[in-house]
>>> print(open('final19.cif').read())   # mmCIF, N, CA and C atoms
data_run
#
loop_
_atom_site.label_atom_id
_atom_site.label_comp_id
_atom_site.auth_asym_id
_atom_site.auth_seq_id
_atom_site.Cartn_x
_atom_site.Cartn_y
_atom_site.Cartn_z
N MET A 1 15.01 -27.03 -54.50
CA MET A 1 15.20 -25.93 -53.59
C MET A 1 13.84 -25.48 -53.06
N THR A 2 13.77 -25.19 -51.78
CA THR A 2 12.52 -24.74 -51.16
C THR A 2 12.67 -23.32 -50.64
N THR A 3 11.57 -22.68 -50.54
CA THR A 3 11.55 -21.32 -50.01
C THR A 3 10.78 -21.31 -48.71
N LEU A 4 11.40 -20.77 -47.70
CA LEU A 4 10.74 -20.64 -46.40
C LEU A 4 10.11 -19.26 -46.30
N THR A 5 8.90 -19.21 -45.82
CA THR A 5 8.25 -17.92 -45.59
C THR A 5 7.97 -17.79 -44.10
N LYS A 6 8.12 -16.62 -43.63
CA LYS A 6 7.87 -16.35 -42.22
C LYS A 6 6.62 -15.49 -42.10
N LYS A 7 5.62 -16.02 -41.42
CA LYS A 7 4.40 -15.24 -41.19
C LYS A 7 4.68 -14.27 -40.05
N GLU A 8 4.27 -13.07 -40.26
CA GLU A 8 4.50 -12.05 -39.25
C GLU A 8 3.27 -11.93 -38.36
N LYS A 9 3.49 -11.92 -37.05
CA LYS A 9 2.36 -11.72 -36.15
C LYS A 9 2.37 -10.28 -35.68
N LYS A 10 1.21 -9.68 -35.70
CA LYS A 10 1.06 -8.28 -35.31
C LYS A 10 0.06 -8.19 -34.17
N ILE A 11 0.36 -7.37 -33.19
CA ILE A 11 -0.54 -7.11 -32.08
C ILE A 11 -1.19 -5.75 -32.32
N THR A 12 -2.51 -5.72 -32.33
CA THR A 12 -3.25 -4.48 -32.57
C THR A 12 -4.35 -4.32 -31.53
N GLU A 13 -4.92 -3.16 -31.49
CA GLU A 13 -6.06 -2.84 -30.61
C GLU A 13 -5.78 -3.18 -29.15
N LYS A 14 -4.65 -2.71 -28.63
CA LYS A 14 -4.31 -2.97 -27.23
C LYS A 14 -5.15 -2.11 -26.29
N THR A 15 -5.71 -2.74 -25.26
CA THR A 15 -6.42 -2.03 -24.21
C THR A 15 -6.02 -2.63 -22.86
N VAL A 16 -6.05 -1.81 -21.84
CA VAL A 16 -5.71 -2.29 -20.51
C VAL A 16 -6.92 -3.01 -19.93
N TYR A 17 -6.74 -4.27 -19.61
CA TYR A 17 -7.79 -5.11 -19.05
C TYR A 17 -7.80 -5.00 -17.53
N MET A 18 -6.60 -4.94 -16.92
CA MET A 18 -6.46 -4.84 -15.47
C MET A 18 -5.14 -4.14 -15.18
N GLU A 19 -5.12 -3.33 -14.12
CA GLU A 19 -3.87 -2.67 -13.71
C GLU A 19 -3.81 -2.66 -12.19
N ALA A 20 -2.64 -3.00 -11.66
CA ALA A 20 -2.45 -2.99 -10.21
C ALA A 20 -1.01 -2.61 -9.91
N THR A 21 -0.81 -1.96 -8.77
CA THR A 21 0.53 -1.59 -8.34
C THR A 21 0.88 -2.42 -7.12
N GLY A 22 2.06 -3.06 -7.17
CA GLY A 22 2.51 -3.89 -6.07
C GLY A 22 3.17 -3.08 -4.98
N THR A 23 3.52 -3.73 -3.89
CA THR A 23 4.19 -3.06 -2.78
C THR A 23 5.59 -2.60 -3.15
N ASN A 24 6.16 -3.16 -4.22
CA ASN A 24 7.50 -2.77 -4.66
C ASN A 24 7.45 -1.63 -5.69
N ARG A 25 6.32 -0.96 -5.81
CA ARG A 25 6.08 0.18 -6.70
C ARG A 25 6.22 -0.19 -8.18
N VAL A 26 5.94 -1.43 -8.51
CA VAL A 26 5.90 -1.87 -9.90
C VAL A 26 4.43 -1.94 -10.32
N THR A 27 4.13 -1.39 -11.47
CA THR A 27 2.77 -1.43 -12.00
C THR A 27 2.66 -2.63 -12.93
N TYR A 28 1.69 -3.48 -12.65
CA TYR A 28 1.44 -4.69 -13.45
C TYR A 28 0.15 -4.48 -14.21
N ARG A 29 0.17 -4.82 -15.50
CA ARG A 29 -1.01 -4.68 -16.34
C ARG A 29 -1.29 -5.98 -17.09
N VAL A 30 -2.58 -6.26 -17.26
CA VAL A 30 -3.01 -7.31 -18.18
C VAL A 30 -3.60 -6.56 -19.36
N ILE A 31 -3.09 -6.86 -20.54
CA ILE A 31 -3.48 -6.17 -21.76
C ILE A 31 -4.32 -7.10 -22.63
N ALA A 32 -5.45 -6.61 -23.10
CA ALA A 32 -6.27 -7.35 -24.07
C ALA A 32 -5.94 -6.78 -25.45
N ALA A 33 -5.72 -7.67 -26.42
CA ALA A 33 -5.36 -7.22 -27.76
C ALA A 33 -5.83 -8.24 -28.79
N LYS A 34 -5.68 -7.87 -30.04
CA LYS A 34 -5.95 -8.78 -31.14
C LYS A 34 -4.62 -9.12 -31.80
N ARG A 35 -4.40 -10.41 -32.06
CA ARG A 35 -3.16 -10.87 -32.71
C ARG A 35 -3.51 -11.36 -34.10
N THR A 36 -2.81 -10.81 -35.09
CA THR A 36 -2.97 -11.22 -36.46
C THR A 36 -1.77 -12.07 -36.84
N PHE A 37 -2.03 -13.29 -37.26
CA PHE A 37 -0.99 -14.22 -37.67
C PHE A 37 -1.38 -14.76 -39.04
N GLY A 38 -0.81 -14.17 -40.08
CA GLY A 38 -1.26 -14.52 -41.43
C GLY A 38 -2.64 -13.92 -41.65
N ASP A 39 -3.61 -14.76 -41.97
CA ASP A 39 -4.99 -14.30 -42.16
C ASP A 39 -5.86 -14.51 -40.94
N GLU A 40 -5.31 -15.08 -39.90
CA GLU A 40 -6.06 -15.44 -38.70
C GLU A 40 -5.97 -14.33 -37.64
N VAL A 41 -7.11 -13.94 -37.08
CA VAL A 41 -7.16 -12.92 -36.03
C VAL A 41 -7.71 -13.57 -34.76
N ARG A 42 -6.99 -13.40 -33.65
CA ARG A 42 -7.43 -13.97 -32.37
C ARG A 42 -7.29 -12.93 -31.25
N ASN A 43 -8.13 -13.09 -30.24
CA ASN A 43 -8.00 -12.27 -29.04
C ASN A 43 -6.94 -12.89 -28.14
N VAL A 44 -6.02 -12.07 -27.66
CA VAL A 44 -4.97 -12.54 -26.76
C VAL A 44 -4.87 -11.59 -25.57
N TYR A 45 -4.26 -12.09 -24.51
CA TYR A 45 -4.05 -11.30 -23.30
C TYR A 45 -2.56 -11.32 -22.97
N GLY A 46 -2.01 -10.16 -22.77
CA GLY A 46 -0.60 -10.04 -22.45
C GLY A 46 -0.41 -9.48 -21.06
N VAL A 47 0.84 -9.47 -20.61
CA VAL A 47 1.18 -8.98 -19.28
C VAL A 47 2.33 -8.00 -19.40
N GLU A 48 2.24 -6.88 -18.69
CA GLU A 48 3.30 -5.89 -18.65
C GLU A 48 3.69 -5.60 -17.21
N ALA A 49 4.96 -5.29 -17.01
CA ALA A 49 5.46 -4.85 -15.71
C ALA A 49 6.27 -3.58 -15.96
N GLU A 50 5.92 -2.51 -15.25
CA GLU A 50 6.58 -1.22 -15.44
C GLU A 50 7.04 -0.66 -14.11
N MET A 51 8.27 -0.16 -14.10
CA MET A 51 8.85 0.41 -12.89
C MET A 51 9.55 1.72 -13.25
N LYS A 52 9.28 2.76 -12.49
CA LYS A 52 9.92 4.06 -12.73
C LYS A 52 10.80 4.40 -11.54
N ILE A 53 12.05 4.69 -11.85
CA ILE A 53 13.00 5.15 -10.83
C ILE A 53 13.55 6.48 -11.33
N GLY A 54 13.01 7.57 -10.79
CA GLY A 54 13.39 8.88 -11.28
C GLY A 54 12.98 9.01 -12.74
N PRO A 55 13.92 9.47 -13.59
CA PRO A 55 13.58 9.62 -15.01
C PRO A 55 13.69 8.31 -15.80
N VAL A 56 14.16 7.25 -15.16
CA VAL A 56 14.36 5.97 -15.85
C VAL A 56 13.09 5.12 -15.73
N LYS A 57 12.63 4.63 -16.87
CA LYS A 57 11.43 3.79 -16.91
C LYS A 57 11.82 2.42 -17.45
N MET A 58 11.52 1.37 -16.69
CA MET A 58 11.78 0.00 -17.13
C MET A 58 10.44 -0.65 -17.42
N LEU A 59 10.27 -1.14 -18.63
CA LEU A 59 9.02 -1.78 -19.04
C LEU A 59 9.35 -3.08 -19.76
N GLU A 60 8.79 -4.16 -19.28
CA GLU A 60 8.90 -5.46 -19.94
C GLU A 60 7.49 -5.97 -20.17
N SER A 61 7.28 -6.62 -21.31
CA SER A 61 5.95 -7.13 -21.60
C SER A 61 6.02 -8.43 -22.38
N ILE A 62 5.01 -9.23 -22.17
CA ILE A 62 4.77 -10.43 -22.96
C ILE A 62 3.41 -10.16 -23.62
N SER A 63 3.45 -9.75 -24.87
CA SER A 63 2.25 -9.21 -25.51
C SER A 63 1.18 -10.26 -25.81
N ASP A 64 1.57 -11.52 -25.96
CA ASP A 64 0.56 -12.56 -26.22
C ASP A 64 0.77 -13.74 -25.29
N PHE A 65 0.61 -13.48 -24.00
CA PHE A 65 0.86 -14.49 -22.97
C PHE A 65 -0.13 -15.65 -23.06
N SER A 66 -1.42 -15.33 -23.26
CA SER A 66 -2.44 -16.39 -23.26
C SER A 66 -3.66 -15.93 -24.06
N MET A 67 -4.46 -16.90 -24.48
CA MET A 67 -5.74 -16.58 -25.12
C MET A 67 -6.87 -16.64 -24.09
N ASP A 68 -6.53 -16.88 -22.82
CA ASP A 68 -7.50 -16.98 -21.74
C ASP A 68 -7.25 -15.85 -20.74
N ALA A 69 -8.25 -15.03 -20.50
CA ALA A 69 -8.10 -13.90 -19.58
C ALA A 69 -7.81 -14.36 -18.16
N ASN A 70 -8.44 -15.45 -17.72
CA ASN A 70 -8.21 -15.94 -16.36
C ASN A 70 -6.76 -16.36 -16.13
N GLN A 71 -6.15 -16.95 -17.13
CA GLN A 71 -4.75 -17.37 -17.00
C GLN A 71 -3.83 -16.14 -16.93
N ALA A 72 -4.10 -15.12 -17.72
CA ALA A 72 -3.29 -13.91 -17.70
C ALA A 72 -3.45 -13.17 -16.37
N VAL A 73 -4.67 -13.10 -15.86
CA VAL A 73 -4.91 -12.44 -14.57
C VAL A 73 -4.25 -13.24 -13.44
N GLY A 74 -4.33 -14.56 -13.50
CA GLY A 74 -3.68 -15.40 -12.50
C GLY A 74 -2.18 -15.20 -12.49
N PHE A 75 -1.59 -15.06 -13.66
CA PHE A 75 -0.15 -14.81 -13.75
C PHE A 75 0.19 -13.43 -13.19
N ALA A 76 -0.63 -12.43 -13.49
CA ALA A 76 -0.39 -11.09 -12.95
C ALA A 76 -0.49 -11.10 -11.42
N GLU A 77 -1.43 -11.85 -10.87
CA GLU A 77 -1.54 -11.97 -9.41
C GLU A 77 -0.29 -12.62 -8.82
N LEU A 78 0.26 -13.62 -9.51
CA LEU A 78 1.50 -14.23 -9.05
C LEU A 78 2.64 -13.22 -9.04
N LEU A 79 2.71 -12.38 -10.08
CA LEU A 79 3.75 -11.35 -10.14
C LEU A 79 3.62 -10.37 -8.98
N ILE A 80 2.39 -9.97 -8.69
CA ILE A 80 2.14 -9.01 -7.61
C ILE A 80 2.51 -9.63 -6.26
N ASN A 81 2.06 -10.84 -6.00
CA ASN A 81 2.33 -11.50 -4.71
C ASN A 81 3.81 -11.79 -4.50
N ALA A 82 4.53 -12.09 -5.58
CA ALA A 82 5.96 -12.41 -5.46
C ALA A 82 6.86 -11.20 -5.62
N ASN A 83 6.28 -10.01 -5.83
CA ASN A 83 7.05 -8.78 -6.02
C ASN A 83 8.10 -8.94 -7.12
N VAL A 84 7.70 -9.46 -8.25
CA VAL A 84 8.62 -9.70 -9.36
C VAL A 84 8.94 -8.39 -10.06
N LYS A 85 10.23 -8.14 -10.28
CA LYS A 85 10.66 -6.93 -10.99
C LYS A 85 10.47 -7.14 -12.49
N PRO A 86 10.37 -6.04 -13.25
CA PRO A 86 10.14 -6.17 -14.69
C PRO A 86 11.16 -7.05 -15.41
N SER A 87 12.39 -7.00 -15.02
CA SER A 87 13.42 -7.77 -15.72
C SER A 87 13.28 -9.28 -15.52
N LEU A 88 12.45 -9.70 -14.58
CA LEU A 88 12.32 -11.12 -14.27
C LEU A 88 10.98 -11.74 -14.68
N ILE A 89 10.16 -11.02 -15.47
CA ILE A 89 8.85 -11.59 -15.79
C ILE A 89 8.95 -12.78 -16.74
N TYR A 90 9.98 -12.83 -17.57
CA TYR A 90 10.11 -13.98 -18.47
C TYR A 90 10.44 -15.25 -17.68
N ASN A 91 11.29 -15.14 -16.68
CA ASN A 91 11.59 -16.28 -15.81
C ASN A 91 10.34 -16.72 -15.06
N ALA A 92 9.60 -15.74 -14.55
CA ALA A 92 8.37 -16.05 -13.82
C ALA A 92 7.34 -16.71 -14.75
N ALA A 93 7.28 -16.27 -16.00
CA ALA A 93 6.34 -16.87 -16.96
C ALA A 93 6.69 -18.32 -17.23
N LEU A 94 7.97 -18.63 -17.36
CA LEU A 94 8.37 -20.02 -17.56
C LEU A 94 8.00 -20.89 -16.37
N CYS A 95 8.23 -20.39 -15.17
CA CYS A 95 7.86 -21.14 -13.96
C CYS A 95 6.35 -21.33 -13.87
N TYR A 96 5.59 -20.27 -14.16
CA TYR A 96 4.13 -20.35 -14.10
C TYR A 96 3.58 -21.34 -15.11
N LEU A 97 4.06 -21.27 -16.34
CA LEU A 97 3.57 -22.17 -17.38
C LEU A 97 3.99 -23.61 -17.12
N ARG A 98 5.16 -23.79 -16.53
CA ARG A 98 5.61 -25.15 -16.20
C ARG A 98 4.67 -25.79 -15.18
N LYS A 99 4.19 -25.00 -14.22
CA LYS A 99 3.29 -25.53 -13.19
C LYS A 99 1.88 -25.77 -13.71
N THR A 100 1.44 -24.97 -14.70
CA THR A 100 0.07 -25.10 -15.19
C THR A 100 -0.08 -26.11 -16.31
N ILE A 101 1.00 -26.50 -16.92
CA ILE A 101 0.89 -27.45 -18.05
C ILE A 101 0.89 -28.87 -17.56
#
>>> encode(input="final19.cif", output="structure tokens")
Amino acid sequence: MTTLTKKEKKITEKTVYMEATGTNRVTYRVIAAKRTFGDEVRNVYGVEAEMKIGPVKMLESISDFSMDANQAVGFAELLINANVKPSLIYNAALCYLRKTI
């Protein structure tokens, strides 16, 4: 019999690296953070998209999108240019990563 262990990854020390508002009134952010996975600590860059409609706030984020700031900023620029809504950033991330790999 074997025992499986699941290492927990934690995102800490989040800071806003870049913030821009698109023409569709969605605020896009690139977040710099530290990711702890077991005993290993790495710098990662995430992407957030936030939209406020009255009292309702929609926020979607990919907290550890890339370990490269240029790739995260490039993805945020794609989101801004394509006017991607927060609910669609995961689809956009798959398309972006498919093209860059």
>>> resolve_selection(input="final19.cif", expression="the PyMOL selection byres ((chain A and resi 33-39) around 5)", output="PyMOL selection string")
chain A and resi 8-14+31-32+40-44
>>> residues_around(input="final19.cif", residues="Gln71 (chain A)", least_positions_apart="5", cutoff="10 Å", atoms="only C-alpha atoms", output="PyMOL selection string")
chain A and resi 45+65-66+76-77+96-97+100
>>> atom_distance(input="final19.cif", atom1="CA of Asn91 (chain A)", atom2="CA of Ile53 (chain A)")
22.0 Å
>>> select_by_dssp(input="final19.cif", residues="chain A", states="strand (DSSP E)", output="NGL selection string")
:A and (9-21 or 26-37 or 40-53 or 56-66)
>>> resolve_selection(input="final19.cif", expression="the PyMOL selection byres ((chain A and resi 62) around 6)", output="list in words")
Gly46, Val47, Glu48, Glu60, Ser61, Ser63, Asp64 and Phe65 of chain A
>>> resolve_selection(input="final19.cif", expression="the PyMOL selection byres (((chain A and resi 59 and name CA) around 7) and name CA)", output="PyMOL selection string")
chain A and resi 49-51+57-58+60-61+86
>>> select_by_dssp(input="final19.cif", residues="region 4-96 of chain A", states="alpha helix (DSSP H)", output="list in words")
Ala69, Asn70, Gln71, Ala72, Val73, Gly74, Phe75, Ala76, Glu77, Leu78, Leu79, Ile80, Asn81, Ile89, Tyr90, Asn91, Ala92, Ala93, Leu94, Cys95 and Tyr96 of chain A
>>> atom_distance(input="final19.cif", atom1="atom C of Val84 (chain A)", atom2="atom N of Met67 (chain A)")
21.4 Å
>>> atom_distance(input="final19.cif", atom1="CA of Asn24 (chain A)", atom2="CA of Asn81 (chain A)")
10.1 Å
>>> closest_residue(input="final19.cif", among="A:Cys95, A:Thr21, A:Ser87, A:Val16", to="Phe75 (chain A)", atoms="only C-alpha atoms")
A:Cys95
>>> residues_around(input="final19.cif", residues="Val73 (chain A)", least_positions_apart="5", cutoff="9 Å", atoms="only C-alpha atoms", output="ChimeraX atom specification")
/A:18,29-30,45,47,68,78
>>> axis_aligned_box(input="final19.cif", around="region 76-90 of chain A", padding_each_side="6 Å", output="JSON")
{"center_x": 5.9, "center_y": -10.6, "center_z": -11.5, "size_x": 27.0, "size_y": 21.2, "size_z": 26.0}
>>> decode(input="final19.cif", residues="region 49-74 of chain A", atoms="N, CA and C atoms", output="PDB file, in the first residue's frame")
ATOM      1  N   ALA A  49      -8.157  40.132 -13.847  1.00  0.00           N
ATOM      2  CA  ALA A  49      -9.087  40.975 -14.597  1.00  0.00           C
ATOM      3  C   ALA A  49     -10.254  41.282 -13.666  1.00  0.00           C
ATOM      4  N   GLU A  50     -10.553  42.566 -13.493  1.00  0.00           N
ATOM      5  CA  GLU A  50     -11.607  42.987 -12.571  1.00  0.00           C
ATOM      6  C   GLU A  50     -12.567  43.938 -13.272  1.00  0.00           C
ATOM      7  N   MET A  51     -13.854  43.694 -13.066  1.00  0.00           N
ATOM      8  CA  MET A  51     -14.889  44.526 -13.674  1.00  0.00           C
ATOM      9  C   MET A  51     -15.943  44.834 -12.615  1.00  0.00           C
ATOM     10  N   LYS A  52     -16.311  46.099 -12.502  1.00  0.00           N
ATOM     11  CA  LYS A  52     -17.342  46.507 -11.546  1.00  0.00           C
ATOM     12  C   LYS A  52     -18.549  47.032 -12.308  1.00  0.00           C
ATOM     13  N   ILE A  53     -19.695  46.461 -11.996  1.00  0.00           N
ATOM     14  CA  ILE A  53     -20.959  46.929 -12.561  1.00  0.00           C
ATOM     15  C   ILE A  53     -21.863  47.244 -11.376  1.00  0.00           C
ATOM     16  N   GLY A  54     -21.963  48.523 -11.042  1.00  0.00           N
ATOM     17  CA  GLY A  54     -22.703  48.914  -9.854  1.00  0.00           C
ATOM     18  C   GLY A  54     -22.045  48.316  -8.622  1.00  0.00           C
ATOM     19  N   PRO A  55     -22.853  47.672  -7.761  1.00  0.00           N
ATOM     20  CA  PRO A  55     -22.270  47.073  -6.555  1.00  0.00           C
ATOM     21  C   PRO A  55     -21.645  45.692  -6.797  1.00  0.00           C
ATOM     22  N   VAL A  56     -21.788  45.167  -8.003  1.00  0.00           N
ATOM     23  CA  VAL A  56     -21.280  43.831  -8.314  1.00  0.00           C
ATOM     24  C   VAL A  56     -19.845  43.934  -8.840  1.00  0.00           C
ATOM     25  N   LYS A  57     -18.962  43.143  -8.245  1.00  0.00           N
ATOM     26  CA  LYS A  57     -17.563  43.130  -8.656  1.00  0.00           C
ATOM     27  C   LYS A  57     -17.219  41.727  -9.151  1.00  0.00           C
ATOM     28  N   MET A  58     -16.713  41.636 -10.386  1.00  0.00           N
ATOM     29  CA  MET A  58     -16.281  40.362 -10.942  1.00  0.00           C
ATOM     30  C   MET A  58     -14.765  40.380 -11.028  1.00  0.00           C
ATOM     31  N   LEU A  59     -14.123  39.414 -10.403  1.00  0.00           N
ATOM     32  CA  LEU A  59     -12.669  39.330 -10.394  1.00  0.00           C
ATOM     33  C   LEU A  59     -12.260  37.901 -10.704  1.00  0.00           C
ATOM     34  N   GLU A  60     -11.443  37.742 -11.713  1.00  0.00           N
ATOM     35  CA  GLU A  60     -10.859  36.446 -12.050  1.00  0.00           C
ATOM     36  C   GLU A  60      -9.348  36.625 -12.082  1.00  0.00           C
ATOM     37  N   SER A  61      -8.625  35.615 -11.611  1.00  0.00           N
ATOM     38  CA  SER A  61      -7.174  35.734 -11.605  1.00  0.00           C
ATOM     39  C   SER A  61      -6.521  34.383 -11.848  1.00  0.00           C
ATOM     40  N   ILE A  62      -5.358  34.453 -12.440  1.00  0.00           N
ATOM     41  CA  ILE A  62      -4.467  33.308 -12.578  1.00  0.00           C
ATOM     42  C   ILE A  62      -3.224  33.717 -11.792  1.00  0.00           C
ATOM     43  N   SER A  63      -3.118  33.218 -10.574  1.00  0.00           N
ATOM     44  CA  SER A  63      -2.126  33.740  -9.641  1.00  0.00           C
ATOM     45  C   SER A  63      -0.689  33.377  -9.992  1.00  0.00           C
ATOM     46  N   ASP A  64      -0.480  32.282 -10.721  1.00  0.00           N
ATOM     47  CA  ASP A  64       0.890  31.912 -11.096  1.00  0.00           C
ATOM     48  C   ASP A  64       0.960  31.606 -12.586  1.00  0.00           C
ATOM     49  N   PHE A  65       0.679  32.624 -13.389  1.00  0.00           N
ATOM     50  CA  PHE A  65       0.626  32.465 -14.842  1.00  0.00           C
ATOM     51  C   PHE A  65       1.990  32.111 -15.429  1.00  0.00           C
ATOM     52  N   SER A  66       3.047  32.794 -14.970  1.00  0.00           N
ATOM     53  CA  SER A  66       4.370  32.582 -15.559  1.00  0.00           C
ATOM     54  C   SER A  66       5.454  32.961 -14.557  1.00  0.00           C
ATOM     55  N   MET A  67       6.656  32.443 -14.784  1.00  0.00           N
ATOM     56  CA  MET A  67       7.812  32.870 -13.988  1.00  0.00           C
ATOM     57  C   MET A  67       8.582  33.974 -14.713  1.00  0.00           C
ATOM     58  N   ASP A  68       8.076  34.415 -15.865  1.00  0.00           N
ATOM     59  CA  ASP A  68       8.703  35.448 -16.668  1.00  0.00           C
ATOM     60  C   ASP A  68       7.785  36.668 -16.728  1.00  0.00           C
ATOM     61  N   ALA A  69       8.277  37.812 -16.307  1.00  0.00           N
ATOM     62  CA  ALA A  69       7.471  39.032 -16.291  1.00  0.00           C
ATOM     63  C   ALA A  69       7.056  39.444 -17.703  1.00  0.00           C
ATOM     64  N   ASN A  70       7.945  39.290 -18.680  1.00  0.00           N
ATOM     65  CA  ASN A  70       7.612  39.679 -20.055  1.00  0.00           C
ATOM     66  C   ASN A  70       6.449  38.873 -20.617  1.00  0.00           C
ATOM     67  N   GLN A  71       6.393  37.600 -20.286  1.00  0.00           N
ATOM     68  CA  GLN A  71       5.294  36.763 -20.772  1.00  0.00           C
ATOM     69  C   GLN A  71       3.970  37.179 -20.119  1.00  0.00           C
ATOM     70  N   ALA A  72       3.984  37.490 -18.834  1.00  0.00           N
ATOM     71  CA  ALA A  72       2.773  37.921 -18.144  1.00  0.00           C
ATOM     72  C   ALA A  72       2.290  39.275 -18.670  1.00  0.00           C
ATOM     73  N   VAL A  73       3.219  40.193 -18.910  1.00  0.00           N
ATOM     74  CA  VAL A  73       2.853  41.509 -19.453  1.00  0.00           C
ATOM     75  C   VAL A  73       2.324  41.357 -20.882  1.00  0.00           C
ATOM     76  N   GLY A  74       2.942  40.499 -21.678  1.00  0.00           N
ATOM     77  CA  GLY A  74       2.464  40.243 -23.038  1.00  0.00           C
ATOM     78  C   GLY A  74       1.054  39.683 -23.045  1.00  0.00           C
TER      79      GLY A  74
END
